[in-house]
Every structure is written in structure tokens, then in C-alpha cells.
>>> print(open('structure.cif').read())   # mmCIF, C-alpha atoms
data_data
#
loop_
_atom_site.label_atom_id
_atom_site.label_comp_id
_atom_site.auth_asym_id
_atom_site.auth_seq_id
_atom_site.Cartn_x
_atom_site.Cartn_y
_atom_site.Cartn_z
CA MET B 1 108.59 150.52 111.03
CA LYS B 2 107.05 153.04 108.63
CA ALA B 3 104.46 154.01 111.25
CA PHE B 4 107.24 154.61 113.77
CA LEU B 5 109.16 156.82 111.35
CA MET B 6 106.02 158.82 110.54
CA LEU B 7 105.39 159.31 114.26
CA CYS B 8 108.94 160.59 114.77
CA ILE B 9 108.62 163.01 111.84
CA CYS B 10 105.27 164.36 113.11
CA SER B 11 106.69 164.85 116.59
CA LEU B 12 109.31 167.21 115.15
CA LEU B 13 106.53 169.55 114.02
CA LEU B 14 105.07 169.89 117.52
CA SER B 15 106.22 172.90 119.51
CA GLY B 16 105.27 171.47 122.88
CA CYS B 17 105.40 173.85 125.85
CA TRP B 18 108.58 175.68 124.95
CA SER B 19 107.02 179.11 125.61
CA SER B 20 104.99 178.20 128.70
CA ARG B 21 105.33 180.24 131.89
CA GLU B 22 104.09 179.38 135.35
CA LEU B 23 101.58 181.71 137.01
CA ASN B 24 103.72 181.95 140.12
CA GLU B 25 106.45 183.54 137.99
CA LEU B 26 104.25 186.34 136.59
CA ALA B 27 103.08 189.68 138.02
CA ILE B 28 99.57 190.02 136.57
CA THR B 29 99.21 193.69 135.70
CA VAL B 30 95.72 195.19 135.50
CA ALA B 31 96.61 198.87 135.06
CA VAL B 32 99.56 200.93 133.85
CA GLY B 33 100.10 204.63 134.53
CA ILE B 34 102.44 206.95 132.62
CA ASP B 35 103.63 210.23 134.16
CA LYS B 36 105.98 212.85 132.79
CA ALA B 37 109.43 213.28 134.39
CA GLU B 38 112.14 215.88 133.80
CA ASP B 39 114.30 213.61 131.65
CA GLY B 40 112.03 210.65 130.96
CA ILE B 41 108.83 209.12 132.25
CA ILE B 42 107.56 207.45 135.39
CA VAL B 43 105.91 204.08 134.83
CA THR B 44 103.46 202.83 137.47
CA VAL B 45 101.93 199.35 137.44
CA GLN B 46 99.01 198.01 139.47
CA LEU B 47 99.54 194.31 140.19
CA ILE B 48 97.11 191.76 141.58
CA ASN B 49 98.06 190.29 144.95
CA PRO B 50 97.62 186.56 144.22
CA GLY B 51 97.45 185.63 147.92
CA ASP B 52 94.43 187.86 148.49
CA ILE B 53 92.60 186.76 145.34
CA GLN B 54 93.16 183.04 145.97
CA ALA B 55 92.31 183.18 149.66
CA LYS B 56 89.01 181.51 150.63
CA THR B 57 88.45 184.09 153.33
CA PRO B 58 89.06 187.86 152.87
CA THR B 59 92.33 189.25 154.18
CA ASN B 60 92.95 192.60 155.82
CA GLY B 61 95.35 193.69 153.09
CA PRO B 62 94.71 195.35 149.70
CA SER B 63 94.00 193.22 146.62
CA VAL B 64 96.62 195.07 144.58
CA THR B 65 100.12 196.46 144.87
CA THR B 66 101.57 199.37 142.89
CA PHE B 67 105.17 199.94 141.85
CA SER B 68 106.57 203.08 140.22
CA ILE B 69 109.92 203.63 138.57
CA LYS B 70 111.62 206.27 136.44
CA ALA B 71 112.78 205.27 132.96
CA SER B 72 113.43 206.60 129.48
CA SER B 73 110.73 204.46 127.82
CA VAL B 74 107.77 202.26 128.70
CA MET B 75 109.67 199.07 127.82
CA GLU B 76 112.61 200.04 130.01
CA GLY B 77 110.28 200.94 132.87
CA LEU B 78 108.45 197.60 132.77
CA ARG B 79 111.74 195.69 132.77
CA LYS B 80 113.27 197.93 135.42
CA ILE B 81 110.33 197.40 137.80
CA THR B 82 111.62 193.85 138.35
CA THR B 83 114.20 195.46 140.65
CA LYS B 84 111.24 196.08 142.99
CA SER B 85 108.81 193.32 142.01
CA PRO B 86 109.81 189.64 142.47
CA ARG B 87 107.93 188.69 139.30
CA LYS B 88 108.04 189.69 135.62
CA ILE B 89 105.37 192.14 134.50
CA TYR B 90 102.60 190.38 132.53
CA LEU B 91 100.27 192.64 130.52
CA SER B 92 97.77 190.25 128.95
CA HIS B 93 95.11 191.08 131.56
CA LEU B 94 95.48 194.86 131.30
CA ARG B 95 92.23 196.76 131.95
CA MET B 96 93.26 200.42 132.15
CA LEU B 97 95.99 202.61 130.69
CA VAL B 98 96.16 205.94 132.55
CA ILE B 99 98.18 208.81 131.06
CA SER B 100 98.79 211.97 133.05
CA GLU B 101 97.54 215.30 131.72
CA SER B 102 101.05 216.75 131.39
CA MET B 103 102.20 213.66 129.50
CA ALA B 104 99.20 213.84 127.16
CA GLU B 105 99.94 217.50 126.42
CA ASP B 106 103.43 216.53 125.21
CA GLY B 107 102.12 213.71 123.00
CA ILE B 108 101.09 210.08 123.49
CA ALA B 109 102.24 208.56 120.18
CA GLU B 110 105.39 206.98 121.61
CA VAL B 111 103.52 205.48 124.57
CA LEU B 112 100.79 204.03 122.35
CA ASP B 113 103.36 202.64 119.92
CA PHE B 114 104.70 200.28 122.58
CA PHE B 115 101.28 199.00 123.64
CA ALA B 116 100.17 198.55 120.03
CA ARG B 117 103.26 196.52 119.12
CA ASP B 118 103.66 194.35 122.23
CA HIS B 119 102.49 190.84 121.28
CA GLU B 120 101.32 190.06 124.83
CA VAL B 121 98.98 193.05 125.13
CA ARG B 122 95.39 192.88 123.90
CA THR B 123 93.55 196.01 122.79
CA ASP B 124 90.33 195.60 124.81
CA TYR B 125 91.23 197.99 127.64
CA PHE B 126 90.31 201.62 128.18
CA VAL B 127 92.73 204.53 127.82
CA VAL B 128 92.03 207.59 130.01
CA VAL B 129 93.75 210.82 131.04
CA ALA B 130 94.45 211.61 134.71
CA LYS B 131 92.94 215.09 135.02
CA ASN B 132 94.66 217.56 137.37
CA THR B 133 96.59 214.75 139.03
CA LYS B 134 99.26 212.13 138.41
CA ALA B 135 98.56 208.76 136.85
CA SER B 136 100.31 207.13 139.81
CA SER B 137 97.85 208.84 142.18
CA VAL B 138 94.94 207.35 140.24
CA LEU B 139 96.39 203.84 140.46
CA ASN B 140 97.01 204.18 144.20
CA VAL B 141 93.32 204.71 145.01
CA LEU B 142 91.65 201.69 146.61
CA THR B 143 88.03 200.92 145.79
CA THR B 144 85.04 199.05 147.19
CA ILE B 145 82.44 196.85 145.45
CA GLU B 146 85.14 195.89 142.95
CA LYS B 147 88.17 194.95 145.04
CA ILE B 148 90.60 195.46 142.16
CA PRO B 149 90.69 199.21 141.36
CA ALA B 150 91.45 198.67 137.65
CA ASN B 151 88.36 196.48 137.33
CA HIS B 152 86.37 199.13 139.21
CA MET B 153 87.45 201.83 136.73
CA PHE B 154 86.82 199.61 133.71
CA ALA B 155 83.33 198.58 134.87
CA SER B 156 82.38 202.12 135.94
CA LEU B 157 83.41 203.65 132.61
CA ASP B 158 81.79 200.84 130.62
CA VAL B 159 78.43 201.18 132.44
CA SER B 160 78.49 204.98 132.43
CA GLN B 161 79.08 205.28 128.68
CA ARG B 162 76.02 203.09 128.07
CA ILE B 163 73.56 205.03 130.25
CA TRP B 164 75.00 208.56 130.59
CA ALA B 165 75.56 210.64 127.44
CA PRO B 166 78.56 212.80 128.55
CA THR B 167 80.76 209.74 129.18
CA ARG B 168 82.84 208.02 126.51
CA GLY B 169 85.03 204.96 126.91
CA VAL B 170 87.80 204.66 124.31
CA LYS B 171 89.82 201.49 123.87
CA LEU B 172 93.30 201.30 122.38
CA ASN B 173 92.35 200.12 118.89
CA GLU B 174 89.73 202.88 118.52
CA LEU B 175 92.14 205.50 119.84
CA ILE B 176 94.85 204.55 117.36
CA SER B 177 92.30 204.52 114.54
CA ASN B 178 91.10 208.03 115.46
CA LEU B 179 94.65 209.35 115.68
CA THR B 180 95.71 207.94 112.32
CA SER B 181 92.50 208.51 110.29
CA GLU B 182 92.36 211.56 108.05
CA GLY B 183 89.77 214.13 109.14
CA LYS B 184 89.33 212.68 112.64
CA GLN B 185 90.72 213.59 116.03
CA ALA B 186 90.65 211.63 119.25
CA VAL B 187 89.00 212.21 122.62
CA LEU B 188 89.68 210.46 125.93
CA SER B 189 87.75 210.45 129.19
CA GLY B 190 89.30 212.28 132.12
CA VAL B 191 89.55 210.62 135.53
CA LEU B 192 89.73 212.68 138.73
CA VAL B 193 90.83 211.76 142.22
CA LYS B 194 88.42 213.33 144.69
CA GLY B 195 89.16 213.54 148.38
CA ASN B 196 92.24 212.69 150.39
CA VAL B 197 94.92 211.76 147.83
CA LYS B 198 97.66 211.15 150.41
CA ASN B 199 95.78 208.38 152.22
CA ALA B 200 94.18 206.90 149.07
CA GLY B 201 96.29 203.74 149.33
CA ASP B 202 95.49 203.04 153.00
CA MET B 203 92.92 200.37 153.85
CA SER B 204 91.36 202.92 156.21
CA SER B 205 90.20 204.88 153.14
CA ILE B 206 87.69 202.13 152.28
CA SER B 207 86.69 201.12 155.80
CA ARG B 208 83.80 203.57 155.94
CA THR B 209 80.50 203.98 154.08
CA ASN B 210 81.29 207.57 153.11
CA LEU B 211 84.57 207.01 151.24
CA SER B 212 87.27 209.60 151.83
CA THR B 213 88.76 209.14 148.32
CA LEU B 214 86.92 208.49 145.08
CA LEU B 215 87.70 208.05 141.40
CA ASN B 216 85.40 210.08 139.17
CA PHE B 217 85.19 210.18 135.36
CA LYS B 218 84.50 213.71 134.19
CA GLY B 219 84.86 215.46 130.84
CA LEU B 220 86.44 214.47 127.56
CA GLY B 221 89.99 215.45 126.71
CA VAL B 222 90.31 216.78 123.15
CA PHE B 223 93.38 215.86 121.08
CA GLN B 224 94.95 217.43 118.03
CA ASN B 225 97.09 214.80 116.40
CA ASP B 226 98.50 213.02 119.49
CA LYS B 227 98.55 216.01 121.87
CA LEU B 228 95.93 217.04 124.43
CA ILE B 229 94.76 220.59 123.69
CA GLY B 230 91.80 221.06 126.04
CA TRP B 231 88.70 219.65 127.72
CA PHE B 232 85.00 219.41 126.90
CA ASN B 233 82.68 220.21 129.80
CA GLU B 234 79.63 218.02 130.49
CA ASP B 235 77.35 219.67 127.93
CA GLU B 236 80.06 219.72 125.27
CA SER B 237 80.88 216.07 125.94
CA LYS B 238 77.22 215.18 125.58
CA GLY B 239 77.00 217.12 122.31
CA TYR B 240 80.09 215.38 120.96
CA ASN B 241 78.66 211.94 121.73
CA TYR B 242 75.34 212.85 120.09
CA ILE B 243 77.10 214.08 116.95
CA THR B 244 79.30 210.98 116.69
CA GLY B 245 76.39 208.60 117.38
CA ASN B 246 77.75 207.21 120.63
CA VAL B 247 74.69 207.82 122.85
CA LYS B 248 72.87 204.58 123.69
CA SER B 249 70.77 205.71 126.66
CA THR B 250 70.62 208.84 128.84
CA LEU B 251 68.36 211.31 130.66
CA ILE B 252 67.36 214.77 129.47
CA VAL B 253 66.01 217.52 131.75
CA ILE B 254 63.36 219.65 129.98
CA PRO B 255 62.35 222.92 131.68
CA CYS B 256 58.62 223.55 132.15
CA GLU B 257 57.90 227.29 132.37
CA LYS B 258 54.25 227.06 133.47
CA LYS B 259 54.92 224.95 136.55
CA LYS B 260 58.42 226.34 137.11
CA LYS B 261 59.69 222.78 137.34
CA SER B 262 61.62 220.45 135.11
CA MET B 263 60.56 217.29 133.39
CA ILE B 264 62.98 214.40 133.04
CA SER B 265 62.90 212.38 129.87
CA SER B 266 64.84 209.17 129.35
CA GLU B 267 65.94 207.85 125.98
#
>>> encode(input="structure.cif", output="C-alpha cells")
Amino acid sequence: MKAFLMLCICSLLLSGCWSSRELNELAITVAVGIDKAEDGIIVTVQLINPGDIQAKTPTNGPSVTTFSIKASSVMEGLRKITTKSPRKIYLSHLRMLVISESMAEDGIAEVLDFFARDHEVRTDYFVVVAKNTKASSVLNVLTTIEKIPANHMFASLDVSQRIWAPTRGVKLNELISNLTSEGKQAVLSGVLVKGNVKNAGDMSSISRTNLSTLLNFKGLGVFQNDKLIGWFNEDESKGYNYITGNVKSTLIVIPCEKKKKSMISSE
């Protein structure tokens, strides 16, 4: 009898699966884009198409779907997107946060505050600025090699920062630390959309060896407090990474006057 009572008492302490959610009820989000609007913001999400990922044979459709909606805050936008998406937005697998240049110039503190506080969001994703384009345009670009564009951007930036000095990948926790630390200011990599922006979301854009639309990381955006104030060019970005000790491996071109050629040195 005592053993039975102890078992009943212990069972009261178990939470069970009260907070569980089925995968077929979630919209797995791999990238979020934030654009500036006249009286609010435009939130864009890049969602994985589960049918294409689970299929044993490749389909003719894209691996992701994007939805955009106007809202007054990030939280409202993510909830409001359910009017277009049949599933609730799920951010635990986020790989990229893309903020438009115009939005960054106005300040990113409010946007970062949401992502830093949301209990479902990890901090191991990159934050970048969409340079000379909209964040939604960046998320609409389809990619090859990596079928999921957000994974393509994450892997490209991660590899590039390890072997090419001008590139710098900044994750959320580091960005917040730089913005809040005394005597430090933040930088973020810029991402460009090169080529035909209008047809970037068409499967035809990746059906050729010479891609008509490409994503390209170029330059570091310089922040003062939480506002973008300008851009480093390639040489300035390289110098910044050398000064801050972020160069792991790169190539240096050394001019040779006698032979009128250049020598390449790797380090």
C-alpha cells in the first residue's frame, strides 16, 4: 500500500507531454527577413517544404516557401503570417536573420530584443544586412548545392569567414554583446542579390549551370549603437578582422617590382 501511495505521489511530479507539438502542426522556419514599411515593418519567413524534404525522389518544386506580411512588430508579424500559412511559425531551427539596410539605419534594437527574449529561438544563427536590396528579396532567391537557401547562406558565410579575411560572420549572442559592451561597436556582413531579382524565386533560375541570380556576401556594415552608419570596403573589412583577431586563414597578394608580377602568400 505504501509503495502504491509513493508511486502516485511521484507521478504528480511528472510533467508528461503537456507541451508537446506534432511536427505536422509546425512551419519550420530557417530564415527571417525584416524590412522597413511606412508605418511598421514587413516580416518575411522562409519555411521548409516538408513534402520536398521527406520525398525519396527529388520533386520539381522548390524546397522552401516564403511568406511576407506587414505588421507593427516582429511578434505580431509571426502570428499574423498564420493567415497565409496553414502552420504555426517555429523558430528553433533558424539559420539566418536578414535585416534590410533601411531598417538597420533606423535601428535594430527592437528587432533583436524579440529574438533575444523568445524562449524557442537559439542564438547560433547569423545576422546579416541586405545591402542595396530588401530582406524579402534575399529570402526569395533559390540556390543550388544546398537546396535550402538559408542553409546555403549559413554555410557560405561560415566557410568564407574561415578562409577569406574580409568576411565576418556574426551570430546573435555576439552581436548583442558588441552592442551592449562599453567601448565596442558592432559590424555585420552585407549580403547582395546579383542578377535577375524578379525571377529569383522561379525554378528556372537554378536550372542552368551559369545561375541568373546569386547571393553574394560583400563588405561589413558598421554600426554606431544600434544604427547602421556606413560600410567597410574589402580592404577595410580585412583590416578590421586583422585588428580584432578574427582572421584564421586567407591569401595575401604581394607585388614583385622586378618581375612586374605578384606573389600570392597564404596564411
>>> closest_residue(input="structure.cif", among="B:Lys80, B:Lys227, B:Arg168, B:Arg208", to="B:Gly239", atoms="only C-alpha atoms")
B:Arg168
>>> resolve_selection(input="structure.cif", expression="the PyMOL selection byres ((chain B and resi 199) around 10)", output="list in words")
Asn140, Val141, Leu142, Gly195, Asn196, Val197, Lys198, Ala200, Gly201, Asp202, Met203, Ser204, Ser205, Ser212 and Thr213 of chain B
>>> atom_distance(input="structure.cif", atom1="atom CA of B:Asn178", atom2="atom CA of B:Val121")
19.5 Å
>>> closest_residue(input="structure.cif", among="B:His93, B:Cys256, B:Lys147, B:Ile243", to="B:Gly61", atoms="all atoms listed in the file")
B:Lys147
>>> residues_around(input="structure.cif", residues="B:Ser189", least_positions_apart="2", cutoff="9 Å", atoms="all atoms listed in the file", output="PDB file with C-alpha atoms, in the coordinates of the input")
ATOM      1  CA  VAL B 127      92.730 204.530 127.820  1.00  0.00           C
ATOM      2  CA  VAL B 128      92.030 207.590 130.010  1.00  0.00           C
ATOM      3  CA  VAL B 129      93.750 210.820 131.040  1.00  0.00           C
ATOM      4  CA  ALA B 130      94.450 211.610 134.710  1.00  0.00           C
ATOM      5  CA  LEU B 157      83.410 203.650 132.610  1.00  0.00           C
ATOM      6  CA  THR B 167      80.760 209.740 129.180  1.00  0.00           C
ATOM      7  CA  ARG B 168      82.840 208.020 126.510  1.00  0.00           C
ATOM      8  CA  GLY B 169      85.030 204.960 126.910  1.00  0.00           C
ATOM      9  CA  VAL B 170      87.800 204.660 124.310  1.00  0.00           C
ATOM     10  CA  VAL B 187      89.000 212.210 122.620  1.00  0.00           C
ATOM     11  CA  VAL B 191      89.550 210.620 135.530  1.00  0.00           C
ATOM     12  CA  PHE B 217      85.190 210.180 135.360  1.00  0.00           C
ATOM     13  CA  LYS B 218      84.500 213.710 134.190  1.00  0.00           C
ATOM     14  CA  GLY B 219      84.860 215.460 130.840  1.00  0.00           C
ATOM     15  CA  LEU B 220      86.440 214.470 127.560  1.00  0.00           C
ATOM     16  CA  GLY B 221      89.990 215.450 126.710  1.00  0.00           C
TER      17      GLY B 221
END
>>> residues_around(input="structure.cif", residues="B:Val32", least_positions_apart="2", cutoff="8 Å", atoms="all atoms listed in the file", output="PDB file with C-alpha atoms, in the frame of the given file")
ATOM      1  CA  THR B  29      99.210 193.690 135.700  1.00  0.00           C
ATOM      2  CA  VAL B  30      95.720 195.190 135.500  1.00  0.00           C
ATOM      3  CA  ILE B  34     102.440 206.950 132.620  1.00  0.00           C
ATOM      4  CA  VAL B  43     105.910 204.080 134.830  1.00  0.00           C
ATOM      5  CA  THR B  44     103.460 202.830 137.470  1.00  0.00           C
ATOM      6  CA  VAL B  45     101.930 199.350 137.440  1.00  0.00           C
ATOM      7  CA  GLN B  46      99.010 198.010 139.470  1.00  0.00           C
ATOM      8  CA  LEU B  94      95.480 194.860 131.300  1.00  0.00           C
ATOM      9  CA  MET B  96      93.260 200.420 132.150  1.00  0.00           C
ATOM     10  CA  LEU B  97      95.990 202.610 130.690  1.00  0.00           C
ATOM     11  CA  VAL B  98      96.160 205.940 132.550  1.00  0.00           C
ATOM     12  CA  LEU B 139      96.390 203.840 140.460  1.00  0.00           C
TER      13      LEU B 139
END
>>> atom_distance(input="structure.cif", atom1="atom CA of B:Asn241", atom2="atom CA of B:Ser102")
24.9 Å
>>> residues_near_point(input="structure.cif", point="(91.5, 214.3, 119.7)", cutoff="9 Å", atoms="only C-alpha atoms", output="PDB file with C-alpha atoms, keeping the file's coordinate frame")
ATOM      1  CA  LEU B 175      92.140 205.500 119.840  1.00  0.00           C
ATOM      2  CA  ASN B 178      91.100 208.030 115.460  1.00  0.00           C
ATOM      3  CA  LEU B 179      94.650 209.350 115.680  1.00  0.00           C
ATOM      4  CA  LYS B 184      89.330 212.680 112.640  1.00  0.00           C
ATOM      5  CA  GLN B 185      90.720 213.590 116.030  1.00  0.00           C
ATOM      6  CA  ALA B 186      90.650 211.630 119.250  1.00  0.00           C
ATOM      7  CA  VAL B 187      89.000 212.210 122.620  1.00  0.00           C
ATOM      8  CA  LEU B 188      89.680 210.460 125.930  1.00  0.00           C
ATOM      9  CA  GLY B 221      89.990 215.450 126.710  1.00  0.00           C
ATOM     10  CA  VAL B 222      90.310 216.780 123.150  1.00  0.00           C
ATOM     11  CA  PHE B 223      93.380 215.860 121.080  1.00  0.00           C
ATOM     12  CA  GLN B 224      94.950 217.430 118.030  1.00  0.00           C
ATOM     13  CA  ASN B 225      97.090 214.800 116.400  1.00  0.00           C
ATOM     14  CA  ASP B 226      98.500 213.020 119.490  1.00  0.00           C
ATOM     15  CA  LYS B 227      98.550 216.010 121.870  1.00  0.00           C
ATOM     16  CA  LEU B 228      95.930 217.040 124.430  1.00  0.00           C
ATOM     17  CA  ILE B 229      94.760 220.590 123.690  1.00  0.00           C
TER      18      ILE B 229
END
>>> closest_residue(input="structure.cif", among="B:Gln161, B:Ser100, B:Ser63, B:Asn173", to="B:Lys131", atoms="all atoms listed in the file")
B:Ser100
>>> closest_residue(input="structure.cif", among="B:Phe154, B:Leu112, B:Asp124, B:Ala135", to="B:Asp35", atoms="only C-alpha atoms")
B:Ala135
>>> resolve_selection(input="structure.cif", expression="the PyMOL selection byres ((chain B and resi 70) around 10)", output="ChimeraX atom specification")
/B:34-44,68-69,71-74,76-78,80-81
>>> closest_residue(input="structure.cif", among="B:Ser156, B:Asn233, B:Leu251, B:Glu110", to="B:Thr144", atoms="only C-alpha atoms")
B:Ser156
>>> closest_residue(input="structure.cif", among="B:Met103, B:Leu192, B:Leu91, B:Ile252", to="B:Met75", atoms="only C-alpha atoms")
B:Leu91
